[in-house]
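Accompanying notes for the structure given below.
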Amino acid sequence: MSVGPYRLPTGGAIDRAQALSFRFDGTSLTGFAGDTLASALLANGHRVVGRSFKYHRPRGVLTAGPEEPNALVELRSGARREPNTKATTAELFDGLEAASQNRWPSLRFDIGAAARLAGSAASAGFYYKTFMWPAAFWEKVYEPAIRRAAGLGRASGVEDPDTYEKAFAFCDVLVIGGGPAGLIAALTAGRSGARVILCDEDFVLGGRLNAERTEIDGQPAAIWAAAIATELEALPNVRVMRRTAVVGVYDGGTYAALERVADHLLEPPFGQPRQRFWRIVAKTAVLATGAVERPIVFGGNDKPGVMMAGAVRTYLNRFSVAPGRRVAFFANNDDAWTTAADLRAAGVDLVAVIDSRAEVADHIRAKAGNARVELSAAVADAKGGYGLTSLQIATPKGRIALDADALAVSGGWNPQLGLATHLGGKPQWSERHAAFLLPADLPAGLTVAGAANGMMTTAEALADGAAKGATAADAAGFTAAPAPLPRASDESFAVAPLWQVAASRTKAFVDFQNDVTASDLALSVREGFTSVEHLKRYTTLGMATDQGRTSNVNGLAMLAALTGRGIAETGATRARPPERPVAFGALAGLHRGKHLKPTRLTPSHRWAASEGAVFIEAGPWLRAQWYPRPGEKTWLDSVSREAAAVRSAVGICDVSTLGKIALFGRDVGAFLDRVYCNTFSTLPVGKLRYGLMLREDGFVMDDGTTARLSENEWVMSTTTANAAKVMHHLELARQVLWPQLDVRLASVTEQWAQFAIAGPNARALLERLLGDVSDEVVPYLAARIFDLGGIPARLFRVSFSGERAYEIAVPAQYGDALAHELMWAGEGLGVTPYGTEALGVLRIEKGHVAGNELNGQTTARDLGLGKMMSAKKDYIGRVMAARPALIDPDRPMLAGFRAVDPTKRPRAGAHFLKIGAPETPENDEGYLTSVAFSPALNRWIGLGFIKRGPERVGERIRAYDRMQGGDLELEICAPVFVDPEGTRVHG
Amino acid sequence: MRIPCPFCGPRDLSEFAYLGDAAPVRPAETSDATAVFDYVYLRANPAGPHRERWYHASGCRLWLTVTRDTRTHEVLFAEEAAP
Ligand SMILES: [Zn+2]
């Protein structure tokens, strides 16, 4: 077993006793517990880990954190394969499999790069300029070409076998980030007794303390951090959440966080999700997200081997990995010189220190030891085919060449303030930091501490963290004293801005992940895209999955220079959630597939299933659609049999899904008069009435029957789809519009199971259960309560089919028993269960409107129910229903339609045209809403709306349906096809 | 966003249904189409505090009048809508 050629012999926060084997592009390698995939690859000498997006250039690890633009891999295999995973944050585990992206056939030899396919076709605005025309080319030519040449990683293409959860947490103080400022802020707040949540996205607390050789209180900083972590975990009021990134800030102190529960394991443990998406509600919060180092834009700055100076320290000190054999570094600030000291301490050959500044203080300069130092100098071009081999350095004395296989770069540090700007704050430019600092208008309850707040040294960050921790706890109602400050260093971070090296001759990258170069920015400005938001969209700068963490500030500083404006004036692009990429799986949580919403089953669902029902989703419900019987070849056979049975014998249909609302009080009648367009206050006890409910704008909202069970108790039925909406509406009317009326409401939809019993034998069937239900006892439109073996059963004499019919309702727990009882009582009477399709056929044959007609665009008058609108009272919708356009005689009105060729099936949705009229919108006469095959008439019939429909009975028109290919002649008729005299309902 | 329901206490947004501006008052029995038209359609759309109707559908079923800053979603006040 090899520990890897670049692994240092000692040191680091890795467990050398615990070797982990993993595979990269099929090669078996070894790392240690505590490694990331990136550190393990570097230790094994894998400097090239992927190809770039547009140019397919070989790329290596640039950073050691979530800002990584280059080292994106496909992690895992099979159904768990996950593209675009950052190797720098992927925790190494035994058995990990990873593959490089954007290369074919291999990382070493990539056709895309060899052929320079993308070379000419990837400058700024490429997408806008090239793929403008013709639109039809997109699907067939452009998109496949782009995908082949510059694809990102591949999704697995099969269902994710893991689960994801959503969870809520509440606290007094949320601390975001577990570096020095965050740790001491959490400790300060925790000691005050406040409920604290500390979120840190790493798997080890400490942030940069784990990456530096600096000391706190005389001990290595990482040891201090571990001790604080131990104390925090021992406090019962503190919750430490590792591997948890806060990704969004919302109003009211709400924060979104992604916990990577099992991303560091081969498979999630039994019962555990892969990830958990948190909604955290905090009274106050401390943002301690630190800072991210930015590159410098010079030729070949993307060569594998070029790495951020801070990342070099992380790999040296935390992971015990050398970045190369001969390392140079290039910087514009004092902090980066620490890297020189650390390289020397680790025994790595430091070949040169190149600083763009003319002067560097002696004590800083001493960190380089005897290494060659070039001041007022810059790396102009990095060279090397498959990784860095040499540097071209621009110095005041001219251009010099230097051999190096690694280059540590630092352009300064950017405080990480994305979360502070999610609610709209604008970061402000600081000349002293050469970086954007926090906005003046921070989200309520949020304070910023440490490097994120521009406190760039360890001592400053600790002091600021303790102070902000105390402030946050105080603001949450506790009394906190800042934790005593440990001894820590105040390293100099002096910086002189350097964005771009003018002497560069080769391609210089600003955004590594999206392959945006310095010349792309110049081109964009020449073409007039000079606002920062335009530049971003035109060049795609900062729009990749790293969200421009390493590129945005450089890009806009260069834009400022190109346009002659200051950086402050140029401004930054707006940061939006999520701060880190979040998988859709995590956002969906357990609401996946059928778990998106509950499936509601009626009380007699099992009975219907035992009768062979085919079910259909009706809103949240499953309803029996039809009940196939042996020998029936199509659904139409079953539906026609069921409908015919209702007309000739008796059918039973589960109507439990209809909304049911109980109304109590002295003024229910008066209340119903105002919410229905027809009158209810005159309804006697023991009767029911059909009602039509309008919206205030005059259109029909819903319909149904309402029964008066006793003086002050009523029950309303609504359509299945509108049950909740009507309840909201009635509560508004009761509470806000007419609070003086004595009315109380309760939704009782789930409390009652209800069946329709329809057909000439309905009475005979019911009499076996209830005794006398003759017209004397239960006349048409009566509502009676019966005793059914000790159970209160409500019987309503209503008919949707035109036949003699009843609806019987029993408490829901007896619904299944009732279904069996009804079948038993119907023996010898031809009892037939029927589903929603036959229900539809029967109501269309009778011209009753339903959901298809109550579509929110129709008035009572359109529906042929204009006479229901009372002229004697006020009601919701009364005035607006009388608007001229709604009473225009040319409005399409309800009519019946029958196919001239009875075997031809018209389609609902077809539009009506006069015969011979061209198919233009101007000639549109209306549309067909409902279609059924009528067994009673043995032909296809329908309902629909057509201009002046009632006056045009007998006229032939054309039903034109380009979508479904229908073009049929129909004859307009009265909407009641069966028993227009209405005698059967009493039969 | 959370709404401090006067009956249930502070509750998550997902429990509530939104209606809109609380200002329009339904005209008393009238045939003045203009008054009703304004009631049905005319809405202010302020950037700032806004009194609006919310229904605690998955809670106590009270209709509330909530004063919300439309720029920040800050809920300044919530009371029963019933006059
Ligand atoms: Zn409530």
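Going by the structure tokens order, chains are called A, B, ..., each with residues numbered from 1, while ligands are numbered from 1 in the order shown.
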
Up to 6 Å from chain B, what residues of chain A turn up? Count only C-alpha atoms and give them as a ChimeraX atom specification. /A:251-252,735-736,874,879

Residues just named, written with all heavy atoms as a compact mmCIF listing (two decimals), in the first residue's frame:
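Done, and the output landed in result-v6.txt:
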# COMPACT_ATOMS: atom_id res chain seq x y z
N ASP A 251 -37.07 35.98 5.47
CA ASP A 251 -37.63 36.93 6.41
C ASP A 251 -37.99 36.24 7.73
O ASP A 251 -38.18 35.02 7.77
CB ASP A 251 -38.87 37.58 5.80
CG ASP A 251 -39.86 36.54 5.32
OD1 ASP A 251 -39.68 36.02 4.21
OD2 ASP A 251 -40.76 36.19 6.11
N GLY A 252 -38.10 37.04 8.77
CA GLY A 252 -38.55 36.51 10.05
C GLY A 252 -37.55 35.60 10.72
O GLY A 252 -37.93 34.73 11.49
N GLN A 735 -67.41 35.46 8.91
CA GLN A 735 -66.60 36.21 9.88
C GLN A 735 -66.44 37.67 9.53
O GLN A 735 -66.39 38.52 10.41
CB GLN A 735 -65.20 35.58 10.00
CG GLN A 735 -65.19 34.18 10.56
CD GLN A 735 -63.77 33.62 10.61
OE1 GLN A 735 -62.81 34.33 10.84
NE2 GLN A 735 -63.65 32.33 10.36
N VAL A 736 -66.29 37.95 8.22
CA VAL A 736 -65.91 39.30 7.82
C VAL A 736 -67.10 40.09 7.25
O VAL A 736 -67.32 41.23 7.61
CB VAL A 736 -64.76 39.26 6.79
CG1 VAL A 736 -64.36 40.66 6.37
CG2 VAL A 736 -63.57 38.51 7.38
N ASP A 874 -80.36 40.58 -1.80
CA ASP A 874 -78.97 40.78 -2.19
C ASP A 874 -78.21 39.47 -1.98
O ASP A 874 -78.55 38.68 -1.09
CB ASP A 874 -78.32 41.88 -1.34
CG ASP A 874 -76.95 42.26 -1.87
OD1 ASP A 874 -76.73 42.18 -3.10
OD2 ASP A 874 -76.08 42.62 -1.05
N VAL A 879 -74.70 42.01 -8.37
CA VAL A 879 -74.54 43.20 -9.19
C VAL A 879 -73.64 42.92 -10.39
O VAL A 879 -73.95 43.27 -11.53
CB VAL A 879 -73.97 44.36 -8.34
CG1 VAL A 879 -73.73 45.59 -9.22
CG2 VAL A 879 -74.94 44.69 -7.20

Residues of chain B that have any atom at most 7 Å from an atom of ligand 1: could you tabulate them with the shortest-distance atom pair and the distance in Å to one decimal, using only C-alpha atoms and all ligand atoms, ordered by chain and increasing number, as a tab-separated table?
residue	atom	partner	partner_atom_place_in_ligand_line	distance
B:Cys5	CA	ligand 1	1 (Zn)	4.8
B:Pro6	CA	ligand 1	1 (Zn)	6.6
B:Phe7	CA	ligand 1	1 (Zn)	4.9
B:Cys8	CA	ligand 1	1 (Zn)	4.2
B:Gly9	CA	ligand 1	1 (Zn)	7.0
B:His56	CA	ligand 1	1 (Zn)	5.2
B:Gly59	CA	ligand 1	1 (Zn)	4.8
B:Cys60	CA	ligand 1	1 (Zn)	4.1
B:Arg61	CA	ligand 1	1 (Zn)	6.3
B:Leu62	CA	ligand 1	1 (Zn)	5.9

Selection file, N, CA, C and O atoms, as a short mmCIF file (atom, residue, chain, number, x, y, z; two decimals), in the first residue's frame:
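Output file out.cif follows:
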data_model
loop_
_atom_site.label_atom_id
_atom_site.label_comp_id
_atom_site.auth_asym_id
_atom_site.auth_seq_id
_atom_site.Cartn_x
_atom_site.Cartn_y
_atom_site.Cartn_z
N CYS B 5 -50.92 34.37 14.90
CA CYS B 5 -52.37 34.24 14.97
C CYS B 5 -52.82 34.60 16.40
O CYS B 5 -52.27 34.07 17.36
N PRO B 6 -53.80 35.48 16.54
CA PRO B 6 -54.20 35.88 17.89
C PRO B 6 -54.77 34.71 18.69
O PRO B 6 -54.81 34.75 19.92
N PHE B 7 -55.17 33.67 18.00
CA PHE B 7 -55.74 32.51 18.71
C PHE B 7 -54.70 31.41 18.92
O PHE B 7 -54.66 30.79 19.98
N CYS B 8 -53.84 31.17 17.93
CA CYS B 8 -52.93 30.01 17.96
C CYS B 8 -51.49 30.39 18.27
O CYS B 8 -50.66 29.50 18.49
N GLY B 9 -51.15 31.67 18.24
CA GLY B 9 -49.75 32.05 18.41
C GLY B 9 -49.03 32.08 17.08
O GLY B 9 -49.65 31.92 16.03
N HIS B 56 -56.52 31.27 8.52
CA HIS B 56 -55.74 30.21 9.19
C HIS B 56 -56.40 28.86 8.90
O HIS B 56 -57.01 28.24 9.77
N GLY B 59 -55.51 25.72 10.84
CA GLY B 59 -55.42 26.06 12.26
C GLY B 59 -56.80 26.32 12.79
O GLY B 59 -57.70 25.49 12.64
N CYS B 60 -57.00 27.50 13.34
CA CYS B 60 -58.25 27.80 14.04
C CYS B 60 -59.37 28.23 13.09
O CYS B 60 -60.49 28.45 13.52
N ARG B 61 -59.06 28.41 11.79
CA ARG B 61 -60.04 28.83 10.78
C ARG B 61 -60.51 30.25 10.97
O ARG B 61 -61.56 30.64 10.46
N LEU B 62 -59.73 31.05 11.68
CA LEU B 62 -60.06 32.47 11.75
C LEU B 62 -59.55 33.18 10.50
O LEU B 62 -58.47 32.87 10.00
#

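Within chain B, DSSP applied to the backbone places the following residues in helix (DSSP H, G or I): Leu13, Ser14, Glu15, Ala33, Thr34, Ala35, Val36, Phe37, Asp38, Tyr39, Val40 and Tyr41 of chain B.
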
Pick out the residues sitting within 10 Å of Ala762 in chain A, and hand them over as a ChimeraX atom specification; count only C-alpha atoms, and ignore anything fewer than 5 positions along from it in its own chain. /A:646,649-652,756-757,767,773,803-806,826,829,831

Residues from last step as file, N, CA, C and O atoms, as a PDB file, in the first residue's frame:
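out.pdb written:
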ATOM      1  N   VAL A 646     -79.090   1.668 -14.111  1.00  0.00           N
ATOM      2  CA  VAL A 646     -79.755   2.725 -13.325  1.00  0.00           C
ATOM      3  C   VAL A 646     -81.097   3.073 -13.950  1.00  0.00           C
ATOM      4  O   VAL A 646     -82.095   3.279 -13.258  1.00  0.00           O
ATOM      5  N   ALA A 649     -83.146  -0.616 -13.518  1.00  0.00           N
ATOM      6  CA  ALA A 649     -83.295  -1.333 -12.242  1.00  0.00           C
ATOM      7  C   ALA A 649     -82.865  -0.405 -11.102  1.00  0.00           C
ATOM      8  O   ALA A 649     -83.582   0.509 -10.738  1.00  0.00           O
ATOM      9  N   VAL A 650     -81.673  -0.618 -10.574  1.00  0.00           N
ATOM     10  CA  VAL A 650     -81.170   0.289  -9.534  1.00  0.00           C
ATOM     11  C   VAL A 650     -79.647   0.202  -9.491  1.00  0.00           C
ATOM     12  O   VAL A 650     -79.057  -0.878  -9.633  1.00  0.00           O
ATOM     13  N   GLY A 651     -79.011   1.364  -9.291  1.00  0.00           N
ATOM     14  CA  GLY A 651     -77.558   1.408  -9.157  1.00  0.00           C
ATOM     15  C   GLY A 651     -77.178   2.093  -7.849  1.00  0.00           C
ATOM     16  O   GLY A 651     -77.951   2.877  -7.296  1.00  0.00           O
ATOM     17  N   ILE A 652     -76.000   1.765  -7.359  1.00  0.00           N
ATOM     18  CA  ILE A 652     -75.509   2.481  -6.175  1.00  0.00           C
ATOM     19  C   ILE A 652     -74.137   3.068  -6.499  1.00  0.00           C
ATOM     20  O   ILE A 652     -73.311   2.444  -7.170  1.00  0.00           O
ATOM     21  N   ALA A 756     -75.415   7.283  -3.430  1.00  0.00           N
ATOM     22  CA  ALA A 756     -76.608   7.526  -4.234  1.00  0.00           C
ATOM     23  C   ALA A 756     -77.221   6.172  -4.576  1.00  0.00           C
ATOM     24  O   ALA A 756     -76.499   5.227  -4.929  1.00  0.00           O
ATOM     25  N   ILE A 757     -78.553   6.061  -4.430  1.00  0.00           N
ATOM     26  CA  ILE A 757     -79.279   4.863  -4.844  1.00  0.00           C
ATOM     27  C   ILE A 757     -80.287   5.346  -5.873  1.00  0.00           C
ATOM     28  O   ILE A 757     -81.195   6.104  -5.541  1.00  0.00           O
ATOM     29  N   GLU A 767     -86.390   0.172   1.090  1.00  0.00           N
ATOM     30  CA  GLU A 767     -87.412  -0.260   2.049  1.00  0.00           C
ATOM     31  C   GLU A 767     -87.002  -1.525   2.776  1.00  0.00           C
ATOM     32  O   GLU A 767     -87.430  -1.764   3.897  1.00  0.00           O
ATOM     33  N   VAL A 773     -90.320   4.215   2.670  1.00  0.00           N
ATOM     34  CA  VAL A 773     -89.731   5.441   2.131  1.00  0.00           C
ATOM     35  C   VAL A 773     -90.579   5.930   0.948  1.00  0.00           C
ATOM     36  O   VAL A 773     -90.074   6.523   0.005  1.00  0.00           O
ATOM     37  N   GLU A 803     -83.689   9.668 -12.545  1.00  0.00           N
ATOM     38  CA  GLU A 803     -84.488   8.540 -12.062  1.00  0.00           C
ATOM     39  C   GLU A 803     -84.929   8.822 -10.635  1.00  0.00           C
ATOM     40  O   GLU A 803     -84.410   9.712  -9.957  1.00  0.00           O
ATOM     41  N   ARG A 804     -85.870   8.014 -10.151  1.00  0.00           N
ATOM     42  CA  ARG A 804     -86.160   8.053  -8.714  1.00  0.00           C
ATOM     43  C   ARG A 804     -84.856   7.740  -7.989  1.00  0.00           C
ATOM     44  O   ARG A 804     -84.210   6.732  -8.274  1.00  0.00           O
ATOM     45  N   ALA A 805     -84.494   8.601  -7.093  1.00  0.00           N
ATOM     46  CA  ALA A 805     -83.183   8.396  -6.472  1.00  0.00           C
ATOM     47  C   ALA A 805     -83.152   8.991  -5.074  1.00  0.00           C
ATOM     48  O   ALA A 805     -83.957   9.860  -4.721  1.00  0.00           O
ATOM     49  N   TYR A 806     -82.253   8.447  -4.279  1.00  0.00           N
ATOM     50  CA  TYR A 806     -82.036   8.893  -2.902  1.00  0.00           C
ATOM     51  C   TYR A 806     -80.524   8.975  -2.670  1.00  0.00           C
ATOM     52  O   TYR A 806     -79.738   8.299  -3.325  1.00  0.00           O
ATOM     53  N   GLY A 826     -80.234  -5.053  -2.405  1.00  0.00           N
ATOM     54  CA  GLY A 826     -80.563  -4.950  -3.827  1.00  0.00           C
ATOM     55  C   GLY A 826     -80.626  -6.284  -4.544  1.00  0.00           C
ATOM     56  O   GLY A 826     -80.877  -6.339  -5.750  1.00  0.00           O
ATOM     57  N   LEU A 829     -83.130  -7.249  -7.246  1.00  0.00           N
ATOM     58  CA  LEU A 829     -83.651  -5.993  -7.811  1.00  0.00           C
ATOM     59  C   LEU A 829     -82.746  -5.471  -8.933  1.00  0.00           C
ATOM     60  O   LEU A 829     -82.967  -4.395  -9.464  1.00  0.00           O
ATOM     61  N   VAL A 831     -79.449  -4.776  -8.547  1.00  0.00           N
ATOM     62  CA  VAL A 831     -78.567  -3.724  -8.030  1.00  0.00           C
ATOM     63  C   VAL A 831     -77.196  -3.787  -8.714  1.00  0.00           C
ATOM     64  O   VAL A 831     -76.619  -4.862  -8.899  1.00  0.00           O
TER      65      VAL A 831
END

Contacts of range 965-972 of chain A at 8 Å or less, counting only C-alpha atoms, minus same-chain residues fewer than 3 places along, as a count of residues only? 23

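Interatomic distance, CA of Phe53 in chain A to CA of Ala257 in chain A: 28.7 Å.
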
When DSSP is applied to the backbone of this structure, which of chain B are assigned strand (DSSP E)? Write them out as a count of residues only. 33

Grab the CA of Leu76 in chain B to CA of His50 in chain B distance for me, in Å with one decimal place.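 Between these atoms lies a distance of 9.4 Å.
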
Residues of range 150-237 of chain A within 6 Å of range 81-96 of chain A: nearest atom pair and distance (Å, one decimal) for each, counting only C-alpha atoms, sorted by chain and number, as CSV?
residue,atom,partner,partner_atom,distance
A:Gly153,CA,A:Pro83,CA,4.7
A:Arg154,CA,A:Pro83,CA,5.7
A:Ala155,CA,A:Pro83,CA,6.0
A:Ser156,CA,A:Arg81,CA,5.2

Write the residues you've just listed into a file as a PDB file, in the first residue's frame, and include all heavy atoms for each of them.
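Here's the written file result-v8.pdb:
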ATOM      1  N   GLY A 153     -21.251  16.712 -15.977  1.00  0.00           N
ATOM      2  CA  GLY A 153     -21.368  15.316 -15.566  1.00  0.00           C
ATOM      3  C   GLY A 153     -22.708  14.715 -15.953  1.00  0.00           C
ATOM      4  O   GLY A 153     -23.637  15.414 -16.321  1.00  0.00           O
ATOM      5  N   ARG A 154     -22.763  13.397 -15.858  1.00  0.00           N
ATOM      6  CA  ARG A 154     -23.984  12.694 -16.237  1.00  0.00           C
ATOM      7  C   ARG A 154     -24.812  12.361 -14.998  1.00  0.00           C
ATOM      8  O   ARG A 154     -24.280  11.851 -14.010  1.00  0.00           O
ATOM      9  CB  ARG A 154     -23.637  11.383 -16.953  1.00  0.00           C
ATOM     10  CG  ARG A 154     -22.725  11.543 -18.162  1.00  0.00           C
ATOM     11  CD  ARG A 154     -22.033  10.223 -18.469  1.00  0.00           C
ATOM     12  NE  ARG A 154     -21.231   9.750 -17.346  1.00  0.00           N
ATOM     13  CZ  ARG A 154     -20.844   8.486 -17.183  1.00  0.00           C
ATOM     14  NH1 ARG A 154     -21.213   7.566 -18.047  1.00  0.00           N
ATOM     15  NH2 ARG A 154     -20.108   8.135 -16.151  1.00  0.00           N
ATOM     16  N   ALA A 155     -26.121  12.603 -15.091  1.00  0.00           N
ATOM     17  CA  ALA A 155     -27.014  12.150 -14.025  1.00  0.00           C
ATOM     18  C   ALA A 155     -27.139  10.633 -14.148  1.00  0.00           C
ATOM     19  O   ALA A 155     -26.839  10.058 -15.193  1.00  0.00           O
ATOM     20  CB  ALA A 155     -28.374  12.820 -14.161  1.00  0.00           C
ATOM     21  N   SER A 156     -27.584   9.992 -13.082  1.00  0.00           N
ATOM     22  CA  SER A 156     -27.613   8.524 -13.111  1.00  0.00           C
ATOM     23  C   SER A 156     -28.673   8.002 -14.076  1.00  0.00           C
ATOM     24  O   SER A 156     -28.546   6.914 -14.605  1.00  0.00           O
ATOM     25  CB  SER A 156     -27.874   7.977 -11.709  1.00  0.00           C
ATOM     26  OG  SER A 156     -29.251   8.099 -11.395  1.00  0.00           O
TER      27      SER A 156
END

Could you name the residues that touch Arg372 in chain A at 12 Å or less, counting only C-alpha atoms, but leaving out those on the same chain fewer than 4 positions away, as a list in words?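 Within the cut-off, the hits are Val327, Ala328, Phe329, Ala340, Asp349, Leu350, Val351, Ala352, Val353, Ile354, Asp355, Arg365, Ala366, Lys367, Ala368 and Leu402 of chain A.
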